[in-house]
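Here's the structure we're looking at; comments come further down.
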Amino acid sequence: MKFRMIPGLLVFLGSYFPLTLILALQDVSPKTWELGPCTDWKACIAPEFEHPWLSSFGVIVTGLCLLLTFKVISKLRYKYPIRIIDSKPVPSELISYSFPYIVSFMGVDYGSPGKIAGLMAFLAWLFLITYKSGQIIMNPILLIFGWNLYESRIVINKHERTAKFLSKNILPPGNYLCQEVQGSYITNGESGND
């Protein structure tokens with residue numbers, strides 16, 4: 001199964017939900033920060049943003065994309081039987097996702113159209129690289145929700161090979177049902193035995 005461009009873009013954008021939260025916090029007005037923490041919830045007011053449209057748009061769009069990512073994963077049909085011989089957890093490839101977070105602390109703000117345009121161009125290139133390399137499903141935000149990346153020796157169609165797996169559960173040796181997405185496999189960790 002190959003992700004089409006639009007679902008791939010939605011999965012990619014969903015992985016940057018935390019970045020938009022960071023940028024939104026950086027966009028909160030100094031007046032709001034001067035008020036300090038709210039101790040009486042009835043008297044609390046919503047934070048005021050310097051650029052409310054951009055802040056809200058970023059958080060809403062990436063938040064919806066994150067929800068759509070979970071919907072895409074929940075709709076996958078795990079139909080291909082495989083046998084895992086052994087597997088080991090591998091560190092997620094977070095480097096490509098960490099650059100934009102680092103950039104967000106280097107002076108990117110919604111008040112500078114040039115810096116925002118530069119960040120958007122950077123993210124567009126990063127998306128194309130991630131999409132073309134088949135790593136779009138390796139979304140590090142999934143780690144927070146219990147998904148892990150494994151490298152496994154498997155038998156599929158009576159052939160042994162090594163493959164990357166994204167799984168909700170630990171993968172001890174055994175039979176599983178999976179779905180292949182751009183050269184990587186996803187399983188919910190449930191046994192493929194009847």
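Labels used: A, B, ... for chains in the order of the structure tokens, numbers from 1 for residues in each chain, and numbers from 1 for ligands as shown.
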
**Request:** May I have the residues within 9 Å of segment 110-115 of chain A as a ChimeraX atom specification, using only C-alpha atoms and disregarding those fewer than 6 positions away in the same chain?
**Result:** /A:23-24,26-27,50-51,54-55

Preceding selection exported with all heavy atoms as a PDB file, in the first residue's frame:
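Contents of out20.pdb, as written:
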```
ATOM      1  N   LEU A  23       4.650  27.509  18.762  1.00  0.00           N
ATOM      2  CA  LEU A  23       4.572  28.810  18.093  1.00  0.00           C
ATOM      3  C   LEU A  23       3.418  29.644  18.648  1.00  0.00           C
ATOM      4  O   LEU A  23       3.540  30.868  18.783  1.00  0.00           O
ATOM      5  CB  LEU A  23       4.431  28.619  16.586  1.00  0.00           C
ATOM      6  CG  LEU A  23       5.678  28.096  15.870  1.00  0.00           C
ATOM      7  CD1 LEU A  23       5.368  27.784  14.410  1.00  0.00           C
ATOM      8  CD2 LEU A  23       6.833  29.072  15.976  1.00  0.00           C
ATOM      9  N   ALA A  24       2.290  29.000  18.979  1.00  0.00           N
ATOM     10  CA  ALA A  24       1.164  29.740  19.555  1.00  0.00           C
ATOM     11  C   ALA A  24       1.533  30.308  20.922  1.00  0.00           C
ATOM     12  O   ALA A  24       1.203  31.453  21.237  1.00  0.00           O
ATOM     13  CB  ALA A  24      -0.066  28.842  19.658  1.00  0.00           C
ATOM     14  N   GLN A  26       4.483  31.156  21.874  1.00  0.00           N
ATOM     15  CA  GLN A  26       5.400  32.267  21.622  1.00  0.00           C
ATOM     16  C   GLN A  26       4.658  33.498  21.116  1.00  0.00           C
ATOM     17  O   GLN A  26       5.186  34.604  21.178  1.00  0.00           O
ATOM     18  CB  GLN A  26       6.469  31.855  20.610  1.00  0.00           C
ATOM     19  CG  GLN A  26       7.437  30.835  21.157  1.00  0.00           C
ATOM     20  CD  GLN A  26       8.451  30.389  20.116  1.00  0.00           C
ATOM     21  OE1 GLN A  26       8.295  30.606  18.927  1.00  0.00           O
ATOM     22  NE2 GLN A  26       9.504  29.744  20.584  1.00  0.00           N
ATOM     23  N   ASP A  27       3.433  33.303  20.617  1.00  0.00           N
ATOM     24  CA  ASP A  27       2.643  34.401  20.070  1.00  0.00           C
ATOM     25  C   ASP A  27       1.700  35.026  21.103  1.00  0.00           C
ATOM     26  O   ASP A  27       1.049  36.017  20.811  1.00  0.00           O
ATOM     27  CB  ASP A  27       1.835  33.886  18.864  1.00  0.00           C
ATOM     28  CG  ASP A  27       1.304  35.007  18.004  1.00  0.00           C
ATOM     29  OD1 ASP A  27       2.098  35.889  17.613  1.00  0.00           O
ATOM     30  OD2 ASP A  27       0.088  35.012  17.723  1.00  0.00           O
ATOM     31  N   GLU A  50      -0.837  37.793  19.572  1.00  0.00           N
ATOM     32  CA  GLU A  50      -0.386  38.882  18.720  1.00  0.00           C
ATOM     33  C   GLU A  50      -0.936  38.702  17.300  1.00  0.00           C
ATOM     34  O   GLU A  50      -1.244  39.664  16.624  1.00  0.00           O
ATOM     35  CB  GLU A  50       1.148  38.927  18.669  1.00  0.00           C
ATOM     36  CG  GLU A  50       1.806  39.203  20.015  1.00  0.00           C
ATOM     37  CD  GLU A  50       1.660  40.655  20.433  1.00  0.00           C
ATOM     38  OE1 GLU A  50       1.844  41.552  19.584  1.00  0.00           O
ATOM     39  OE2 GLU A  50       1.368  40.885  21.620  1.00  0.00           O
ATOM     40  N   HIS A  51      -1.017  37.464  16.855  1.00  0.00           N
ATOM     41  CA  HIS A  51      -1.510  37.130  15.514  1.00  0.00           C
ATOM     42  C   HIS A  51      -2.533  35.997  15.653  1.00  0.00           C
ATOM     43  O   HIS A  51      -2.228  34.846  15.355  1.00  0.00           O
ATOM     44  CB  HIS A  51      -0.348  36.711  14.608  1.00  0.00           C
ATOM     45  CG  HIS A  51       0.754  37.713  14.583  1.00  0.00           C
ATOM     46  ND1 HIS A  51       1.811  37.659  15.450  1.00  0.00           N
ATOM     47  CD2 HIS A  51       0.918  38.814  13.812  1.00  0.00           C
ATOM     48  CE1 HIS A  51       2.599  38.683  15.212  1.00  0.00           C
ATOM     49  NE2 HIS A  51       2.094  39.400  14.240  1.00  0.00           N
ATOM     50  N   LEU A  54      -3.302  33.423  12.603  1.00  0.00           N
ATOM     51  CA  LEU A  54      -2.238  32.463  12.285  1.00  0.00           C
ATOM     52  C   LEU A  54      -2.077  31.431  13.396  1.00  0.00           C
ATOM     53  O   LEU A  54      -1.922  30.240  13.126  1.00  0.00           O
ATOM     54  CB  LEU A  54      -0.909  33.189  12.042  1.00  0.00           C
ATOM     55  CG  LEU A  54      -0.795  33.924  10.714  1.00  0.00           C
ATOM     56  CD1 LEU A  54       0.483  34.757  10.670  1.00  0.00           C
ATOM     57  CD2 LEU A  54      -0.817  32.940   9.560  1.00  0.00           C
ATOM     58  N   SER A  55      -2.088  31.895  14.644  1.00  0.00           N
ATOM     59  CA  SER A  55      -1.946  30.968  15.772  1.00  0.00           C
ATOM     60  C   SER A  55      -3.072  29.936  15.790  1.00  0.00           C
ATOM     61  O   SER A  55      -2.823  28.736  15.911  1.00  0.00           O
ATOM     62  CB  SER A  55      -1.938  31.725  17.101  1.00  0.00           C
ATOM     63  OG  SER A  55      -0.818  32.553  17.200  1.00  0.00           O
TER      64      SER A  55
END
```

**Message:** From a backbone DSSP assignment, name each residue in segment 30-169 of chain A labelled helix (DSSP H, G or I), as a PyMOL selection string.
**Reply:** chain A and resi 30-34+52-75+95-104+113-132+141-144

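With only C-alpha atoms as the atoms that count, the minimum distance from Ser87 of chain A to the choices A:Phe165, A:Tyr131, A:Phe17, A:Trp147 is reached by A:Phe165.
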
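Distance annotation: of A:Pro47, A:Gly58, A:Pro18, A:Pro89, the residue with the minimal separation from Asn148 of chain A is A:Pro89; atom set is only C-alpha atoms.
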
**Item:** Nearest to Gly14 of chain A, chosen from A:Tyr185, A:Phe70, A:Trp33, A:Trp53, with only C-alpha atoms counted in the distances
**Value:** A:Phe70

**Prompt:** Which one of A:Val59, A:Ile186, A:Leu21, A:Leu126 sits closest to Arg77 of chain A if you count only C-alpha atoms?
**Reply:**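 Residue with the minimum atom-to-atom distance to Arg77 of chain A: A:Ile186.
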
**Item:** Sel. of strand (DSSP E or B) residues, segment 81-189 of chain A, as an MDAnalysis selection string
**Value:** chainID A and resid 81:89 148:156 159:167 174:181 184:187

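Closest approach to Pro30 of chain A from the set A:Lys71, A:Phe49, A:Phe12, A:Phe127 is made by A:Phe49, with distances taken over only C-alpha atoms.
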
**Message:** At a cut-off of 8 Å, using only C-alpha atoms, what residues contact Pro81 of chain A? Leave out same-chain residues fewer than 6 positions from it and give the result as a VMD selection string.
**Reply:** chain A and resid 156 175 to 178 192

**Request:** Find, counting only C-alpha atoms, the residue in A:Ala163, A:Leu149, A:Leu119, A:Ile136 that gets nearest to Ile6 of chain A.
**Result:**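 The closest residue to Ile6 of chain A is A:Ile136.
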